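What follows is the content of my_file.txt, which has compact mmCIF, C-alpha atoms:
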```
# COMPACT_ATOMS: atom_id res chain seq x y z
CA MET V 1404 100.01 -197.21 -33.24
CA SER V 1405 102.15 -194.80 -31.27
CA GLY V 1406 101.86 -192.04 -28.69
CA ASN V 1407 99.40 -191.45 -25.90
CA VAL V 1408 95.77 -190.88 -26.80
CA VAL V 1409 93.64 -188.51 -24.74
CA PRO V 1410 90.47 -190.28 -23.54
CA LEU V 1411 87.28 -189.16 -25.26
CA ASP V 1412 84.27 -187.46 -23.78
CA ARG V 1413 81.99 -190.36 -22.91
CA SER V 1414 78.75 -188.71 -24.10
CA ASN V 1415 77.61 -189.38 -27.69
CA LEU V 1416 80.66 -191.55 -28.32
CA SER V 1417 80.31 -192.86 -31.85
CA GLU V 1418 81.04 -189.63 -33.75
CA PRO V 1419 84.01 -188.52 -31.59
CA ILE V 1420 85.56 -191.97 -32.02
CA ILE V 1421 85.13 -191.75 -35.78
CA GLN V 1422 86.72 -188.30 -35.79
CA ARG V 1423 89.66 -189.43 -33.68
CA LEU V 1424 90.35 -192.52 -35.76
CA ARG V 1425 89.98 -190.62 -39.03
CA GLU V 1426 92.42 -188.00 -37.78
CA MET V 1427 94.91 -190.67 -36.72
CA ILE V 1428 94.75 -192.20 -40.21
CA VAL V 1429 95.28 -188.83 -41.93
CA GLN V 1430 98.17 -187.99 -39.58
CA GLY V 1431 99.77 -191.39 -40.24
CA ARG V 1432 99.51 -192.46 -36.59
CA LEU V 1433 97.51 -195.43 -37.87
CA ALA V 1434 99.53 -196.62 -40.84
CA ALA V 1435 98.13 -198.20 -43.98
CA GLY V 1436 97.70 -201.92 -43.42
CA ALA V 1437 97.94 -201.63 -39.63
CA ARG V 1438 95.62 -203.96 -37.75
CA ILE V 1439 93.48 -202.19 -35.17
CA ASN V 1440 93.63 -204.02 -31.87
CA GLU V 1441 90.16 -203.30 -30.50
CA VAL V 1442 91.11 -204.01 -26.89
CA HIS V 1443 94.11 -201.68 -26.93
CA MET V 1444 92.36 -198.98 -28.97
CA ALA V 1445 89.32 -198.97 -26.70
CA ALA V 1446 91.58 -198.65 -23.66
CA ASN V 1447 93.57 -195.81 -25.24
CA LEU V 1448 90.41 -193.90 -26.12
CA GLY V 1449 88.80 -194.61 -22.76
CA VAL V 1450 85.70 -196.24 -24.25
CA SER V 1451 84.19 -199.72 -24.38
CA ARG V 1452 84.51 -201.96 -27.42
CA THR V 1453 80.85 -201.57 -28.39
CA PRO V 1454 80.99 -197.89 -29.49
CA LEU V 1455 84.44 -198.53 -30.97
CA ARG V 1456 83.01 -201.29 -33.15
CA GLU V 1457 80.14 -199.02 -34.19
CA ALA V 1458 82.66 -196.37 -35.23
CA LEU V 1459 84.79 -198.89 -37.12
CA ALA V 1460 81.71 -200.17 -38.98
CA LYS V 1461 80.95 -196.61 -40.14
CA LEU V 1462 84.56 -196.06 -41.16
CA GLU V 1463 84.37 -199.25 -43.20
CA VAL V 1464 81.48 -197.71 -45.17
CA GLU V 1465 83.75 -194.73 -45.87
CA GLY V 1466 86.49 -197.08 -47.08
CA ALA V 1467 88.86 -195.95 -44.34
CA VAL V 1468 89.17 -199.42 -42.83
CA ARG V 1469 88.23 -202.94 -43.82
CA CYS V 1470 87.13 -205.91 -41.76
CA ILE V 1471 88.57 -209.35 -42.49
CA PRO V 1472 86.61 -212.21 -40.90
CA ARG V 1473 88.35 -213.78 -37.88
CA ILE V 1474 91.16 -211.21 -38.18
CA GLY V 1475 89.52 -207.84 -37.53
CA TYR V 1476 89.86 -204.31 -38.82
CA SER V 1477 92.85 -202.91 -40.65
CA VAL V 1478 93.59 -199.46 -42.07
CA MET V 1479 93.10 -198.88 -45.79
CA PRO V 1480 95.74 -196.78 -47.56
CA LEU V 1481 95.22 -193.21 -48.69
CA SER V 1482 96.12 -193.31 -52.36
CA ILE V 1483 96.21 -190.93 -55.30
CA GLU V 1484 94.66 -193.63 -57.47
CA GLU V 1485 91.59 -194.03 -55.23
CA PHE V 1486 91.21 -190.29 -54.75
CA ARG V 1487 91.31 -189.62 -58.49
CA ARG V 1488 88.68 -192.31 -59.06
CA ILE V 1489 86.16 -191.01 -56.57
CA TYR V 1490 86.71 -187.27 -56.09
CA PRO V 1491 85.74 -185.97 -59.59
CA ILE V 1492 82.33 -187.63 -59.37
CA ARG V 1493 80.98 -184.94 -57.03
CA ALA V 1494 81.70 -182.32 -59.70
CA LEU V 1495 79.22 -184.19 -61.91
CA LEU V 1496 76.57 -185.04 -59.33
CA ASP V 1497 76.24 -181.81 -57.34
CA PRO V 1498 75.63 -179.39 -60.25
CA GLU V 1499 72.99 -181.74 -61.67
CA ALA V 1500 71.26 -181.89 -58.28
CA LEU V 1501 71.32 -178.08 -58.11
CA ARG V 1502 69.91 -177.83 -61.63
CA LEU V 1503 67.02 -180.09 -60.62
CA ALA V 1504 66.50 -178.23 -57.35
CA GLY V 1505 66.24 -174.87 -59.09
CA ILE V 1506 66.54 -171.45 -57.48
CA PRO V 1507 66.20 -171.70 -53.68
CA SER V 1508 63.81 -169.49 -51.75
CA ALA V 1509 65.08 -166.25 -50.26
CA ALA V 1510 64.81 -167.82 -46.81
CA ARG V 1511 66.99 -170.77 -47.84
CA LEU V 1512 69.56 -168.43 -49.38
CA ASP V 1513 69.65 -166.48 -46.10
CA LYS V 1514 70.23 -169.76 -44.26
CA LEU V 1515 73.00 -170.77 -46.67
CA GLU V 1516 74.80 -167.46 -46.15
CA ALA V 1517 74.56 -167.85 -42.36
CA MET V 1518 75.87 -171.43 -42.61
CA ASN V 1519 78.76 -170.23 -44.77
CA ARG V 1520 79.80 -167.73 -42.10
CA LYS V 1521 79.90 -170.60 -39.60
CA ILE V 1522 82.31 -172.49 -41.88
CA ALA V 1523 84.67 -169.53 -41.75
CA SER V 1524 84.53 -169.49 -37.94
CA ALA V 1525 84.96 -173.25 -37.41
CA LEU V 1526 87.87 -174.18 -35.17
CA THR V 1527 88.87 -177.70 -36.28
CA PRO V 1528 89.24 -179.48 -39.63
CA GLU V 1529 86.50 -181.96 -38.68
CA GLN V 1530 84.16 -179.11 -37.78
CA ILE V 1531 84.96 -177.29 -41.01
CA LEU V 1532 84.33 -180.41 -43.07
CA ARG V 1533 81.06 -181.20 -41.29
CA ARG V 1534 79.77 -177.67 -41.80
CA ASP V 1535 80.86 -177.70 -45.42
CA ASP V 1536 78.96 -180.94 -46.03
CA GLU V 1537 75.90 -179.51 -44.28
CA TRP V 1538 76.09 -176.41 -46.49
CA HIS V 1539 76.13 -178.48 -49.68
CA LEU V 1540 73.23 -180.66 -48.54
CA GLU V 1541 71.21 -177.55 -47.65
CA LEU V 1542 71.97 -176.10 -51.09
CA LEU V 1543 70.58 -179.25 -52.72
CA ALA V 1544 67.74 -179.84 -50.25
CA GLU V 1545 65.01 -179.20 -52.82
CA CYS V 1546 66.39 -181.64 -55.38
CA PRO V 1547 63.50 -184.01 -56.23
CA ASN V 1548 65.80 -186.94 -57.04
CA SER V 1549 66.42 -188.69 -53.72
CA THR V 1550 68.66 -191.30 -55.37
CA LEU V 1551 70.96 -188.56 -56.63
CA ILE V 1552 71.17 -187.02 -53.15
CA ALA V 1553 71.93 -190.45 -51.67
CA LEU V 1554 74.80 -190.86 -54.14
CA ILE V 1555 76.17 -187.44 -53.17
CA GLU V 1556 76.03 -188.40 -49.49
CA GLN V 1557 77.81 -191.67 -50.30
CA PHE V 1558 80.65 -189.87 -52.04
CA MET V 1559 80.84 -187.37 -49.17
CA ARG V 1560 81.61 -190.32 -46.90
CA CYS V 1561 84.11 -191.83 -49.33
CA THR V 1562 86.11 -188.61 -49.73
CA ARG V 1563 85.88 -187.48 -46.10
CA ARG V 1564 89.31 -188.68 -44.96
CA TYR V 1565 90.94 -187.01 -47.97
CA GLU V 1566 89.05 -183.75 -47.52
CA LEU V 1567 89.99 -183.74 -43.85
CA ALA V 1568 93.57 -183.28 -44.98
CA LEU V 1569 92.50 -180.49 -47.34
CA MET V 1570 90.56 -178.62 -44.66
CA ARG V 1571 93.64 -178.46 -42.42
CA GLU V 1572 94.84 -175.62 -44.69
CA GLN V 1573 93.35 -172.17 -44.11
CA SER V 1574 93.65 -171.33 -47.82
CA ALA V 1575 91.30 -174.22 -48.64
CA VAL V 1576 88.76 -172.99 -46.10
CA ASP V 1577 88.93 -169.45 -47.50
CA ARG V 1578 88.46 -170.82 -51.02
CA ALA V 1579 85.42 -172.86 -49.98
CA VAL V 1580 83.78 -169.86 -48.30
CA HIS V 1581 84.49 -167.67 -51.33
CA ASP V 1582 83.08 -170.28 -53.72
CA HIS V 1583 79.93 -170.62 -51.64
CA ASP V 1584 79.46 -166.85 -51.78
CA GLN V 1585 79.77 -166.98 -55.57
CA ILE V 1586 77.12 -169.69 -55.78
CA THR V 1587 74.60 -167.92 -53.55
CA THR V 1588 75.20 -164.61 -55.33
CA ALA V 1589 74.41 -166.24 -58.67
CA LEU V 1590 71.27 -167.85 -57.23
CA ARG V 1591 70.05 -164.54 -55.78
CA SER V 1592 70.34 -163.15 -59.29
CA HIS V 1593 68.31 -166.13 -60.58
CA LYS V 1594 71.26 -167.30 -62.66
CA LEU V 1595 70.97 -171.02 -62.14
CA ARG V 1596 73.38 -172.01 -64.90
CA ARG V 1597 76.08 -169.72 -63.48
CA ALA V 1598 75.51 -171.15 -60.01
CA CYS V 1599 75.84 -174.71 -61.32
CA LYS V 1600 79.10 -173.78 -63.03
CA ALA V 1601 80.41 -172.17 -59.82
CA LEU V 1602 79.43 -175.28 -57.88
CA ARG V 1603 81.27 -177.51 -60.32
CA LEU V 1604 84.40 -175.37 -60.01
CA ASN V 1605 84.08 -175.49 -56.23
CA MET V 1606 83.99 -179.29 -56.31
CA GLN V 1607 86.98 -179.44 -58.66
CA SER V 1608 89.14 -176.98 -56.70
CA GLY V 1609 90.06 -179.45 -53.99
CA GLU V 1610 91.65 -182.06 -56.25
CA ALA V 1611 95.09 -180.52 -56.89
CA PRO V 1612 95.83 -179.63 -53.22
CA VAL V 1613 94.89 -183.12 -52.00
CA VAL V 1614 96.97 -184.80 -54.71
CA ALA V 1615 99.94 -182.59 -53.73
CA TRP V 1616 99.42 -183.55 -50.07
CA LEU V 1617 99.27 -187.25 -50.97
CA ILE V 1618 102.51 -186.98 -52.97
CA GLU V 1619 104.24 -185.20 -50.07
CA ARG V 1620 102.87 -187.74 -47.61
CA GLN V 1621 104.19 -190.60 -49.72
CA SER V 1622 107.64 -188.99 -50.02
CA ARG V 1623 107.85 -188.65 -46.23
CA SER V 1624 107.09 -192.33 -45.76
CA ASP V 1625 109.61 -193.54 -48.40
```
Translate the structure of the given file into structure tokens.
Amino acid sequence: MSGNVVPLDRSNLSEPIIQRLREMIVQGRLAAGARINEVHMAANLGVSRTPLREALAKLEVEGAVRCIPRIGYSVMPLSIEEFRRIYPIRALLDPEALRLAGIPSAARLDKLEAMNRKIASALTPEQILRRDDEWHLELLAECPNSTLIALIEQFMRCTRRYELALMREQSAVDRAVHDHDQITTALRSHKLRRACKALRLNMQSGEAPVVAWLIERQSRSD
């Protein structure tokens, strides 16, 4: 761990801590395999160990860190192999959830379009990613299969640290907003199959840029 860390806002601590740690992992400031010293990290972030531990527990669910009994938390590597195992699954799950949900109401489509505009105006990668996730969950809100939605939310968590890297690029944000427009346009025309296809392409579009980023990241560390 290197560099000075700006203390966090002390209100609603868990999520800002998660965001900060996730960003440090993506930036390489917390290297793969590095043990997280809870005392030092809490001091650097200006928080107590309790909210830090809560954040680390949530990051463990994402697969970003792991906890070894009597040793503590350490950073899990970002790898092409893991990303290629987990990322394509959303391209299977989301279109099926949309197919089951059917054509949204006009009011929901209006809401989706407003949410998409907020993605375009987001200021940080974390904010972009959070709004993008919220857009997808709103799109699938009427899916009757709660188990399927739970799986989608699980894979959102698992891919979050990879997609954070993707959303640092403006071209990726522009592509996401454009894809969302294509999906809602198809749904307004009551073309569910076309919307499902556009959603699948949207989910697939992020794979190549993230793989390229992972390769570049690995070459910098060699």
* Neighbour list for stretch 1475-1492 of chain V as a count of residues only, cut-off 6 Å, only C-alpha atoms, skip fewer than 4 positions in-chain -> 10
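The shell of residues at most 12 Å from V:Ala1553, with only C-alpha atoms counted and near chain neighbours (fewer than 3 positions) removed, consists of V:Arg1493, V:Leu1496, V:Asp1497, V:Ala1500, V:Leu1540, V:Leu1543, V:Ala1544, V:Cys1546, V:Pro1547, V:Asn1548, V:Ser1549, V:Thr1550, V:Glu1556, V:Gln1557, V:Phe1558, V:Met1559, V:Arg1560.
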Can those selected residues be exported to a file as an mmCIF file, keeping the file's coordinate frame so that it contains C-alpha atoms?
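So selection.cif came out as:
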```
data_model
loop_
_atom_site.group_PDB
_atom_site.id
_atom_site.type_symbol
_atom_site.label_atom_id
_atom_site.label_comp_id
_atom_site.auth_asym_id
_atom_site.auth_seq_id
_atom_site.Cartn_x
_atom_site.Cartn_y
_atom_site.Cartn_z
ATOM 1 C CA ARG V 1493 80.980 -184.940 -57.030
ATOM 2 C CA LEU V 1496 76.570 -185.040 -59.330
ATOM 3 C CA ASP V 1497 76.240 -181.810 -57.340
ATOM 4 C CA ALA V 1500 71.260 -181.890 -58.280
ATOM 5 C CA LEU V 1540 73.230 -180.660 -48.540
ATOM 6 C CA LEU V 1543 70.580 -179.250 -52.720
ATOM 7 C CA ALA V 1544 67.740 -179.840 -50.250
ATOM 8 C CA CYS V 1546 66.390 -181.640 -55.380
ATOM 9 C CA PRO V 1547 63.500 -184.010 -56.230
ATOM 10 C CA ASN V 1548 65.800 -186.940 -57.040
ATOM 11 C CA SER V 1549 66.420 -188.690 -53.720
ATOM 12 C CA THR V 1550 68.660 -191.300 -55.370
ATOM 13 C CA GLU V 1556 76.030 -188.400 -49.490
ATOM 14 C CA GLN V 1557 77.810 -191.670 -50.300
ATOM 15 C CA PHE V 1558 80.650 -189.870 -52.040
ATOM 16 C CA MET V 1559 80.840 -187.370 -49.170
ATOM 17 C CA ARG V 1560 81.610 -190.320 -46.900
#
```
* Give as a PyMOL selection string every residue, naming chains and numbers as the document does, that has an atom within 10 Å of (77.8, -169.8, -45.9), counting only C-alpha atoms. => chain V and resi 1512-1523+1534-1535+1538-1539+1579-1584+1586-1587
* Using atom CA of V:Arg1452 and atom CA of V:Ser1417 as the two end points, give the distance in Å to one decimal. =>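 We find that atom CA of V:Arg1452 and atom CA of V:Ser1417 lie 11.0 Å from each other.
Interatomic distance, atom CA of V:Ile1421 to atom CA of V:Leu1459: 7.3 Å.
Proximity of V:Ala1494, V:Ile1531, V:Ala1589, V:Ala1525 to V:Met1606, computed with all atoms listed in the file, is greatest for V:Ala1494.
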* Of the listed residues V:Leu1569, V:Leu1602, V:Cys1561, V:Ala1615, that which approaches V:Leu1462 most closely, counting all atoms listed in the file -> V:Cys1561
* Provide the atom CA of V:Glu1566 to atom CA of V:Pro1419 distance in Å, to one decimal place. => 17.4 Å
* Hey, what's within 9 Å of V:Val1442 if we count only C-alpha atoms and toss same-chain stuff fewer than 4 positions away? As a ChimeraX atom specification, please? -> /V:1446-1447,1451-1452
May I have the residues from that selection written out with C-alpha atoms, as a JSON list (two decimals), in the coordinates of the input?
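Saved as part.json:
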```
[["chain", "number", "residue", "atom", "x", "y", "z"],
["V", 1446, "ALA", "CA", 91.58, -198.65, -23.66],
["V", 1447, "ASN", "CA", 93.57, -195.81, -25.24],
["V", 1451, "SER", "CA", 84.19, -199.72, -24.38],
["V", 1452, "ARG", "CA", 84.51, -201.96, -27.42]]
```
* Of the listed residues V:Leu1424, V:Ala1575, V:Leu1590, V:Leu1503, that which approaches V:Ile1552 most closely, counting all atoms listed in the file ->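 Looking at the shortest contact to V:Ile1552, the residue is V:Leu1503.
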* Given only C-alpha atoms as the counted atoms, nearest of V:Ala1445, V:Leu1542, V:Leu1526, V:Leu1567 to V:Gly1505 ->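 Ranking V:Ala1445, V:Leu1542, V:Leu1526, V:Leu1567 by distance to V:Gly1505, first place goes to V:Leu1542.
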* Excluding V:Thr1527 and any residue of its chain fewer than 6 positions from it, enumerate the residues within 10 Å of it, using all atoms listed in the file, and give them as a PyMOL selection string. => chain V and resi 1533+1567+1570-1571
